[in-house]
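File shown here: model.pdb, holding PDB, C-alpha atoms.
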```
MODEL        1
ATOM      1  CA  LEU A 600    -145.625-112.383 -40.160
ATOM      2  CA  LEU A 601    -142.859-110.881 -38.008
ATOM      3  CA  ASP A 602    -140.559-110.816 -41.025
ATOM      4  CA  ASP A 603    -143.134-109.214 -43.363
ATOM      5  CA  ASP A 604    -145.942-107.387 -41.569
ATOM      6  CA  THR A 605    -147.461-106.337 -44.914
ATOM      7  CA  LEU A 606    -149.065-109.800 -44.842
ATOM      8  CA  ALA A 607    -151.269-108.589 -41.995
ATOM      9  CA  ALA A 608    -154.599-106.908 -42.702
ATOM     10  CA  GLY A 609    -155.302-106.157 -39.039
ATOM     11  CA  SER A 610    -153.349-105.544 -35.841
ATOM     12  CA  ASP A 611    -154.185-108.700 -33.836
ATOM     13  CA  LEU A 612    -151.299-111.087 -34.522
ATOM     14  CA  ALA A 613    -153.129-114.186 -33.262
ATOM     15  CA  ALA A 614    -156.197-113.466 -35.410
ATOM     16  CA  GLU A 615    -154.031-112.825 -38.465
ATOM     17  CA  LEU A 616    -152.190-116.105 -37.935
ATOM     18  CA  ARG A 617    -155.433-118.062 -37.568
ATOM     19  CA  GLY A 618    -156.812-116.564 -40.778
ATOM     20  CA  LEU A 619    -153.644-117.276 -42.737
ATOM     21  CA  ARG A 620    -153.518-120.887 -41.559
ATOM     22  CA  ALA A 621    -157.219-121.459 -42.240
ATOM     23  CA  GLY A 622    -156.923-120.145 -45.806
ATOM     24  CA  SER A 623    -159.519-117.399 -45.259
ATOM     25  CA  HIS A 624    -157.033-114.517 -45.309
ATOM     26  CA  PRO A 625    -156.398-112.472 -48.468
ATOM     27  CA  ALA A 626    -152.633-113.000 -48.079
ATOM     28  CA  THR A 627    -152.796-116.763 -47.517
ATOM     29  CA  GLY A 628    -151.151-117.546 -50.866
ATOM     30  CA  ARG A 629    -148.181-115.274 -50.206
ATOM     31  CA  TRP A 630    -147.879-116.548 -46.655
ATOM     32  CA  ARG A 631    -147.900-120.218 -47.641
ATOM     33  CA  ALA A 632    -145.282-119.593 -50.294
ATOM     34  CA  GLU A 633    -143.036-117.919 -47.730
ATOM     35  CA  VAL A 634    -143.628-120.729 -45.231
ATOM     36  CA  ALA A 635    -142.610-123.264 -47.883
ATOM     37  CA  ARG A 636    -139.473-121.260 -48.724
ATOM     38  CA  LEU A 637    -138.442-121.104 -45.060
ATOM     39  CA  ALA A 638    -139.264-124.767 -44.526
ATOM     40  CA  ARG A 639    -136.877-125.750 -47.310
ATOM     41  CA  LEU A 640    -134.071-124.116 -45.306
ATOM     42  CA  VAL A 641    -134.705-126.431 -42.357
ATOM     43  CA  PRO A 642    -132.862-129.757 -42.533
ATOM     44  CA  GLY A 643    -135.269-132.663 -42.651
ATOM     45  CA  SER A 644    -138.296-130.772 -43.956
ATOM     46  CA  GLY A 645    -139.754-132.326 -47.053
ATOM     47  CA  PRO A 646    -141.557-130.567 -49.889
ATOM     48  CA  GLY A 647    -144.878-131.653 -48.451
ATOM     49  CA  THR A 648    -144.392-129.792 -45.174
ATOM     50  CA  ARG A 649    -147.546-127.930 -44.209
ATOM     51  CA  PRO A 650    -147.968-125.074 -41.721
ATOM     52  CA  ALA A 651    -148.857-126.233 -38.239
ATOM     53  CA  PRO A 652    -152.555-126.011 -37.359
ATOM     54  CA  GLY A 653    -153.962-123.713 -34.728
ATOM     55  CA  GLY A 654    -152.386-120.292 -34.325
ATOM     56  CA  GLY A 655    -153.108-119.838 -30.639
ATOM     57  CA  ARG A 656    -152.548-116.625 -28.774
ATOM     58  CA  ALA A 657    -149.984-118.169 -26.398
ATOM     59  CA  GLU A 658    -147.639-119.368 -29.145
ATOM     60  CA  ALA A 659    -147.950-116.070 -31.047
ATOM     61  CA  ALA A 660    -147.170-114.103 -27.883
ATOM     62  CA  LEU A 661    -144.189-116.331 -27.087
ATOM     63  CA  VAL A 662    -142.628-115.951 -30.537
ATOM     64  CA  ALA A 663    -143.309-112.189 -30.754
ATOM     65  CA  GLY A 664    -141.963-111.673 -27.230
ATOM     66  CA  LEU A 665    -138.787-113.660 -27.878
ATOM     67  CA  ALA A 666    -138.249-111.739 -31.124
ATOM     68  CA  HIS A 667    -138.720-108.331 -29.515
ATOM     69  CA  PRO A 668    -138.504-108.491 -25.690
ATOM     70  CA  GLU A 669    -138.055-104.707 -25.533
ATOM     71  CA  ARG A 670    -141.558-104.385 -27.031
ATOM     72  CA  ILE A 671    -143.338-106.253 -24.260
ATOM     73  CA  ALA A 672    -145.929-103.671 -23.167
ATOM     74  CA  ARG A 673    -148.203-103.044 -20.206
ATOM     75  CA  ARG A 674    -151.292-100.847 -20.226
ATOM     76  CA  ARG A 675    -150.854 -97.597 -18.356
ATOM     77  CA  SER A 676    -153.269 -97.146 -15.473
ATOM     78  CA  GLY A 677    -156.133 -94.884 -16.485
ATOM     79  CA  GLU A 678    -154.738 -94.314 -19.975
ATOM     80  CA  ALA A 679    -156.307 -97.080 -22.049
ATOM     81  CA  PRO A 680    -155.477 -97.754 -24.781
ATOM     82  CA  VAL A 681    -151.964 -96.389 -24.061
ATOM     83  CA  PHE A 682    -149.277 -98.953 -23.252
ATOM     84  CA  LEU A 683    -145.694 -98.561 -22.056
ATOM     85  CA  MET A 684    -143.197-100.854 -23.745
ATOM     86  CA  ALA A 685    -140.256-102.281 -21.806
ATOM     87  CA  GLY A 686    -137.946-100.219 -23.990
ATOM     88  CA  GLY A 687    -139.523 -97.021 -22.634
ATOM     89  CA  THR A 688    -141.762 -95.961 -25.542
ATOM     90  CA  ALA A 689    -145.473 -95.324 -25.008
ATOM     91  CA  VAL A 690    -147.733 -96.660 -27.754
ATOM     92  CA  GLU A 691    -151.421 -96.408 -28.578
ATOM     93  CA  VAL A 692    -153.526 -99.386 -29.643
ATOM     94  CA  GLY A 693    -156.326 -98.918 -32.151
ATOM     95  CA  ASP A 694    -157.793-102.422 -31.836
ATOM     96  CA  ALA A 695    -160.411-102.422 -29.060
ATOM     97  CA  GLY A 696    -159.771-106.032 -28.115
ATOM     98  CA  LEU A 697    -156.022-105.524 -27.754
ATOM     99  CA  GLY A 698    -156.540-102.189 -26.014
ATOM    100  CA  ALA A 699    -158.529-103.918 -23.268
ATOM    101  CA  GLN A 700    -155.643-106.262 -22.402
ATOM    102  CA  GLU A 701    -153.228-105.705 -19.512
ATOM    103  CA  TRP A 702    -150.170-107.001 -21.386
ATOM    104  CA  LEU A 703    -149.191-107.146 -25.052
ATOM    105  CA  ALA A 704    -146.343-108.657 -27.024
ATOM    106  CA  VAL A 705    -145.856-106.015 -29.702
ATOM    107  CA  ALA A 706    -144.513-107.317 -33.003
ATOM    108  CA  VAL A 707    -144.561-104.068 -34.999
ATOM    109  CA  ALA A 708    -144.885-100.454 -33.848
ATOM    110  CA  ASP A 709    -144.077 -97.133 -35.465
ATOM    111  CA  ARG A 710    -144.170 -93.463 -34.561
ATOM    112  CA  THR A 711    -145.161 -90.417 -36.573
ATOM    113  CA  PRO A 712    -142.802 -87.450 -36.049
ATOM    114  CA  GLY A 713    -144.362 -85.045 -33.569
ATOM    115  CA  ALA A 714    -146.884 -87.575 -32.223
ATOM    116  CA  ALA A 715    -147.149 -87.941 -28.457
ATOM    117  CA  HIS A 716    -147.138 -91.732 -28.646
ATOM    118  CA  GLY A 717    -146.148 -94.474 -31.023
ATOM    119  CA  ARG A 718    -148.717 -96.691 -32.707
ATOM    120  CA  VAL A 719    -149.080-100.462 -32.508
ATOM    121  CA  ARG A 720    -149.435-102.035 -35.923
ATOM    122  CA  LEU A 721    -149.247-105.693 -34.926
ATOM    123  CA  ALA A 722    -149.470-107.249 -31.449
ATOM    124  CA  VAL A 723    -150.950-110.089 -29.446
ATOM    125  CA  ALA A 724    -152.322-110.330 -25.931
ATOM    126  CA  ALA A 725    -149.839-111.624 -23.358
ATOM    127  CA  ASP A 726    -149.587-111.881 -19.582
ATOM    128  CA  ARG A 727    -147.065-111.090 -16.870
ATOM    129  CA  ALA A 728    -145.696-114.625 -16.648
ATOM    130  CA  LEU A 729    -144.880-114.648 -20.349
ATOM    131  CA  ALA A 730    -143.456-111.117 -20.152
ATOM    132  CA  GLU A 731    -141.040-112.112 -17.392
ATOM    133  CA  GLU A 732    -140.075-115.264 -19.281
ATOM    134  CA  VAL A 733    -139.253-113.715 -22.658
ATOM    135  CA  ALA A 734    -137.741-110.496 -21.269
ATOM    136  CA  ALA A 735    -135.911-111.998 -18.287
ATOM    137  CA  ALA A 736    -132.734-110.088 -19.203
ATOM    138  CA  LEU A 737    -134.607-106.819 -18.598
ATOM    139  CA  LEU A 738    -135.682-107.681 -15.029
ATOM    140  CA  THR A 739    -134.099-105.493 -12.348
ATOM    141  CA  GLU A 740    -134.698-104.725  -8.682
ATOM    142  CA  ALA A 741    -133.258-101.656  -7.007
ATOM    143  CA  GLU A 742    -133.754 -99.039  -4.320
ATOM    144  CA  GLU A 743    -134.848 -95.683  -5.698
ATOM    145  CA  VAL A 744    -134.829 -92.422  -3.751
ATOM    146  CA  ALA A 745    -135.889 -89.364  -5.724
ATOM    147  CA  TRP A 746    -137.943 -86.186  -5.663
ATOM    148  CA  ALA A 747    -141.284 -86.978  -7.312
ATOM    149  CA  ASP A 748    -144.757 -85.458  -7.132
ATOM    150  CA  GLY A 749    -143.626 -82.786  -4.699
ATOM    151  CA  ASP A 750    -141.939 -84.979  -2.086
ATOM    152  CA  VAL A 751    -139.195 -87.516  -1.451
ATOM    153  CA  ARG A 752    -140.148 -90.897  -2.838
ATOM    154  CA  ALA A 753    -138.153 -93.785  -1.386
ATOM    155  CA  ARG A 754    -139.040 -97.252  -2.638
ATOM    156  CA  ARG A 755    -137.734-100.639  -3.707
ATOM    157  CA  VAL A 756    -138.802-101.227  -7.284
ATOM    158  CA  ARG A 757    -138.889-104.308  -9.459
ATOM    159  CA  ARG A 758    -138.936-103.422 -13.149
ATOM    160  CA  LEU A 759    -139.162-105.069 -16.514
ATOM    161  CA  GLY A 760    -137.171-102.524 -18.456
ATOM    162  CA  ALA A 761    -139.169 -99.307 -18.101
ATOM    163  CA  ILE A 762    -142.247-101.123 -16.751
ATOM    164  CA  VAL A 763    -142.756-101.066 -12.981
ATOM    165  CA  LEU A 764    -143.885-104.506 -11.810
ATOM    166  CA  GLU A 765    -143.861-103.985  -8.043
ATOM    167  CA  GLU A 766    -142.872-101.314  -5.581
ATOM    168  CA  ARG A 767    -142.840-100.959  -1.834
ATOM    169  CA  PRO A 768    -141.768 -98.103   0.467
ATOM    170  CA  LEU A 769    -138.273 -98.032   1.959
ATOM    171  CA  ARG A 770    -138.342 -97.622   5.727
ATOM    172  CA  GLU A 771    -134.690 -96.620   6.109
ATOM    173  CA  PRO A 772    -133.458 -95.065   2.863
ATOM    174  CA  ASP A 773    -129.823 -94.052   2.428
ATOM    175  CA  PRO A 774    -129.485 -90.562   4.028
ATOM    176  CA  ALA A 775    -127.157 -89.423   1.228
ATOM    177  CA  LEU A 776    -129.779 -90.320  -1.376
ATOM    178  CA  VAL A 777    -132.484 -88.578   0.659
ATOM    179  CA  ARG A 778    -130.334 -85.436   0.835
ATOM    180  CA  GLU A 779    -129.802 -85.543  -2.915
ATOM    181  CA  ALA A 780    -133.550 -85.875  -3.481
ATOM    182  CA  LEU A 781    -134.295 -82.948  -1.159
ATOM    183  CA  VAL A 782    -131.740 -80.769  -2.940
ATOM    184  CA  THR A 783    -133.399 -81.684  -6.234
ATOM    185  CA  GLY A 784    -136.744 -80.642  -4.767
ATOM    186  CA  LEU A 785    -135.360 -77.315  -3.546
ATOM    187  CA  ARG A 786    -133.888 -76.551  -6.939
ATOM    188  CA  ALA A 787    -137.083 -77.542  -8.712
ATOM    189  CA  GLU A 788    -139.586 -75.797  -6.444
ATOM    190  CA  GLY A 789    -137.532 -73.086  -4.766
ATOM    191  CA  THR A 790    -136.851 -72.081  -1.191
ATOM    192  CA  GLY A 791    -140.573 -71.797  -0.518
ATOM    193  CA  LEU A 792    -140.232 -75.424   0.578
ATOM    194  CA  LEU A 793    -138.374 -74.211   3.658
ATOM    195  CA  HIS A 794    -140.169 -73.020   6.788
ATOM    196  CA  TRP A 795    -139.346 -69.293   6.880
ATOM    197  CA  SER A 796    -140.265 -67.525  10.110
ATOM    198  CA  ALA A 797    -141.019 -63.815  10.222
ATOM    199  CA  ALA A 798    -137.532 -63.228  11.670
ATOM    200  CA  ASP A 799    -135.990 -65.284   8.840
ATOM    201  CA  ARG A 800    -137.737 -63.211   6.198
ATOM    202  CA  ALA A 801    -136.765 -59.957   7.884
ATOM    203  CA  LEU A 802    -133.102 -61.006   8.079
ATOM    204  CA  ARG A 803    -133.116 -62.002   4.433
ATOM    205  CA  ALA A 804    -134.609 -58.649   3.441
ATOM    206  CA  ARG A 805    -131.941 -56.753   5.415
ATOM    207  CA  LEU A 806    -129.153 -58.836   3.901
ATOM    208  CA  ALA A 807    -130.566 -58.240   0.414
ATOM    209  CA  PHE A 808    -130.578 -54.462   1.070
ATOM    210  CA  LEU A 809    -126.967 -54.521   2.283
ATOM    211  CA  HIS A 810    -125.883 -56.626  -0.712
ATOM    212  CA  ARG A 811    -127.523 -54.173  -3.111
ATOM    213  CA  THR A 812    -126.158 -51.051  -1.487
ATOM    214  CA  LEU A 813    -122.754 -52.071  -0.121
ATOM    215  CA  GLY A 814    -121.786 -54.766  -2.624
ATOM    216  CA  GLU A 815    -120.192 -58.194  -2.599
ATOM    217  CA  GLU A 816    -118.800 -57.913   0.927
ATOM    218  CA  TRP A 817    -122.341 -58.848   1.985
ATOM    219  CA  PRO A 818    -123.663 -62.218   0.796
ATOM    220  CA  GLY A 819    -126.303 -62.439  -1.903
ATOM    221  CA  VAL A 820    -129.539 -63.941  -0.670
ATOM    222  CA  ALA A 821    -131.517 -63.984  -3.910
ATOM    223  CA  GLU A 822    -133.156 -67.296  -4.813
ATOM    224  CA  GLU A 823    -130.261 -68.426  -7.014
ATOM    225  CA  ASP A 824    -127.718 -67.500  -4.311
ATOM    226  CA  VAL A 825    -129.550 -69.401  -1.607
ATOM    227  CA  LEU A 826    -130.025 -72.470  -3.807
ATOM    228  CA  ALA A 827    -126.366 -72.432  -4.821
ATOM    229  CA  GLY A 828    -125.501 -73.217  -1.201
ATOM    230  CA  THR A 829    -127.369 -76.524  -1.380
ATOM    231  CA  ALA A 830    -124.612 -77.948  -3.593
ATOM    232  CA  ASP A 831    -122.171 -78.005  -0.659
ATOM    233  CA  PRO A 832    -122.743 -80.949   1.743
ATOM    234  CA  ALA A 833    -121.173 -78.803   4.474
ATOM    235  CA  GLY A 834    -123.119 -75.685   3.497
ATOM    236  CA  TRP A 835    -125.714 -73.651   5.347
ATOM    237  CA  LEU A 836    -128.437 -76.299   4.937
ATOM    238  CA  SER A 837    -126.263 -79.271   5.920
ATOM    239  CA  ALA A 838    -127.842 -79.869   9.344
ATOM    240  CA  PRO A 839    -131.522 -79.754   8.321
ATOM    241  CA  LEU A 840    -130.842 -81.722   5.141
ATOM    242  CA  ALA A 841    -129.016 -84.402   7.117
ATOM    243  CA  ALA A 842    -132.000 -84.832   9.443
ATOM    244  CA  ALA A 843    -134.829 -84.503   6.941
ATOM    245  CA  ARG A 844    -136.587 -87.519   5.439
ATOM    246  CA  ARG A 845    -139.414 -85.894   3.495
ATOM    247  CA  ARG A 846    -140.805 -82.522   2.445
ATOM    248  CA  ALA A 847    -142.417 -81.788   5.809
TER     249      ALA A 847
ENDMDL
END
```
Take the structure in the file and give it back as structure tokens.
Amino acid sequence: LLDDDTLAAGSDLAAELRGLRAGSHPATGRWRAEVARLARLVPGSGPGTRPAPGGGRAEAALVAGLAHPERIARRRSGEAPVFLMAGGTAVEVGDAGLGAQEWLAVAVADRTPGAAHGRVRLAVAADRALAEEVAAALLTEAEEVAWADGDVRARRVRRLGAIVLEERPLREPDPALVREALVTGLRAEGTGLLHWSAADRALRARLAFLHRTLGEEWPGVAEEDVLAGTADPAGWLSAPLAAARRRA
């Protein structure tokens, strides 16, 4: 099935496998012929070798996950039936039963040019334990300090590829990383993040007038000029940036 997904009539890998093994699937003949061909390549298999019975979800998830660990997927919170695969691609699931699962082992997915998400063509329900087993090489744990959602976000994150498994706040993040995150926030949202007093605004207006009328001997204080100073660790914002830990 993983080698030739045209054998599948639906998108639930476990259900397709059960139907093929039971003989009730329209592609059973093709599937059995392929099974026999592959079996002949295995030393010790005789011509009478038959497909194993069953076709349980666990074995299908294990094989699909080992074949494509980067396609292990977890449902996005509040976005059912959208899943994020470990490789970083978001995919939609048309099958209601699969869409209700928390984890999937995706065997086949594609993406139409211009579409917001990819589309799952063949998958099977999985769980976190299986995901961490088959995609163990993608497990990482690291400290992350970044500007996100309008503030500094400092956390220790455990990931399975692009999938966040666990996160917890960092009490004492690296000050250099905090500074970098704050600078990113200033550049993204502008100097309105800073607490400008009436005297600050008046001084800036006077400096802007002098720069316009007398030229470059007076410093530019336009938004781009002010933000350019954040690139220098010893610049005009060095003291407040060194002390700051969050937007406030």
### Task
Run the PyMOL selection byres ((chain A and resi 698) around 8) against the file shown and list the residues it catches, as a PyMOL selection string.
chain A and resi 674+679-681+692-697+699-700
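Across the model, the gap from CA of Gly717 (chain A) to CA of Ala689 (chain A) is 6.1 Å.
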### Query
Between CA of Leu813 (chain A) and CA of Gly789 (chain A), what is the distance, to one decimal in Å?
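According to the coordinates, CA of Leu813 (chain A) and CA of Gly789 (chain A) are separated by 26.1 Å.
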### Message
Expand the PyMOL selection byres ((chain A and resi 704-715) around 10) into the explicit residue set it covers here, and present it as a PyMOL selection string.
### Response
chain A and resi 600-604+610-612+659-673+684+688-692+702-703+716-726+729-730+733
### Task
Would you mind listing what lies within 12 Å of region 737-753 of chain A as a ChimeraX atom specification, with all atoms listed in the file counted and same-chain residues fewer than 4 positions away left out?
/A:667-671,684-687,730-733,757-789,792,843-847
### Between CA of Arg617 (chain A) and CA of Glu701 (chain A) - distance in Å to one decimal
22.0 Å
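Polymer residues near (-158.4, -117.5, -43.4): counting all atoms listed in the file with a cut-off of 12 Å, they are Ala607, Ala608, Ala613, Ala614, Glu615, Leu616, Arg617, Gly618, Leu619, Arg620, Ala621, Gly622, Ser623, His624, Pro625, Ala626, Thr627, Gly628, Trp630, Arg631, Pro652, Gly653 and Gly654 of chain A.
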#### Entry: Who sits within 8 Å of region 818-823 of chain A, all atoms listed in the file, same chain under 5 positions skipped, as a list in words
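Residues near the query, excluding close chain neighbours: Gly789, Thr790, Arg803, Leu806, Ala807 and His810 of chain A.
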Using the selection just defined, write its residues with C-alpha atoms as a PDB file, in the coordinates of the input.
```
ATOM      1  CA  GLY A 789    -137.532 -73.086  -4.766  1.00  0.00           C
ATOM      2  CA  THR A 790    -136.851 -72.081  -1.191  1.00  0.00           C
ATOM      3  CA  ARG A 803    -133.116 -62.002   4.433  1.00  0.00           C
ATOM      4  CA  LEU A 806    -129.153 -58.836   3.901  1.00  0.00           C
ATOM      5  CA  ALA A 807    -130.566 -58.240   0.414  1.00  0.00           C
ATOM      6  CA  HIS A 810    -125.883 -56.626  -0.712  1.00  0.00           C
TER       7      HIS A 810
END
```
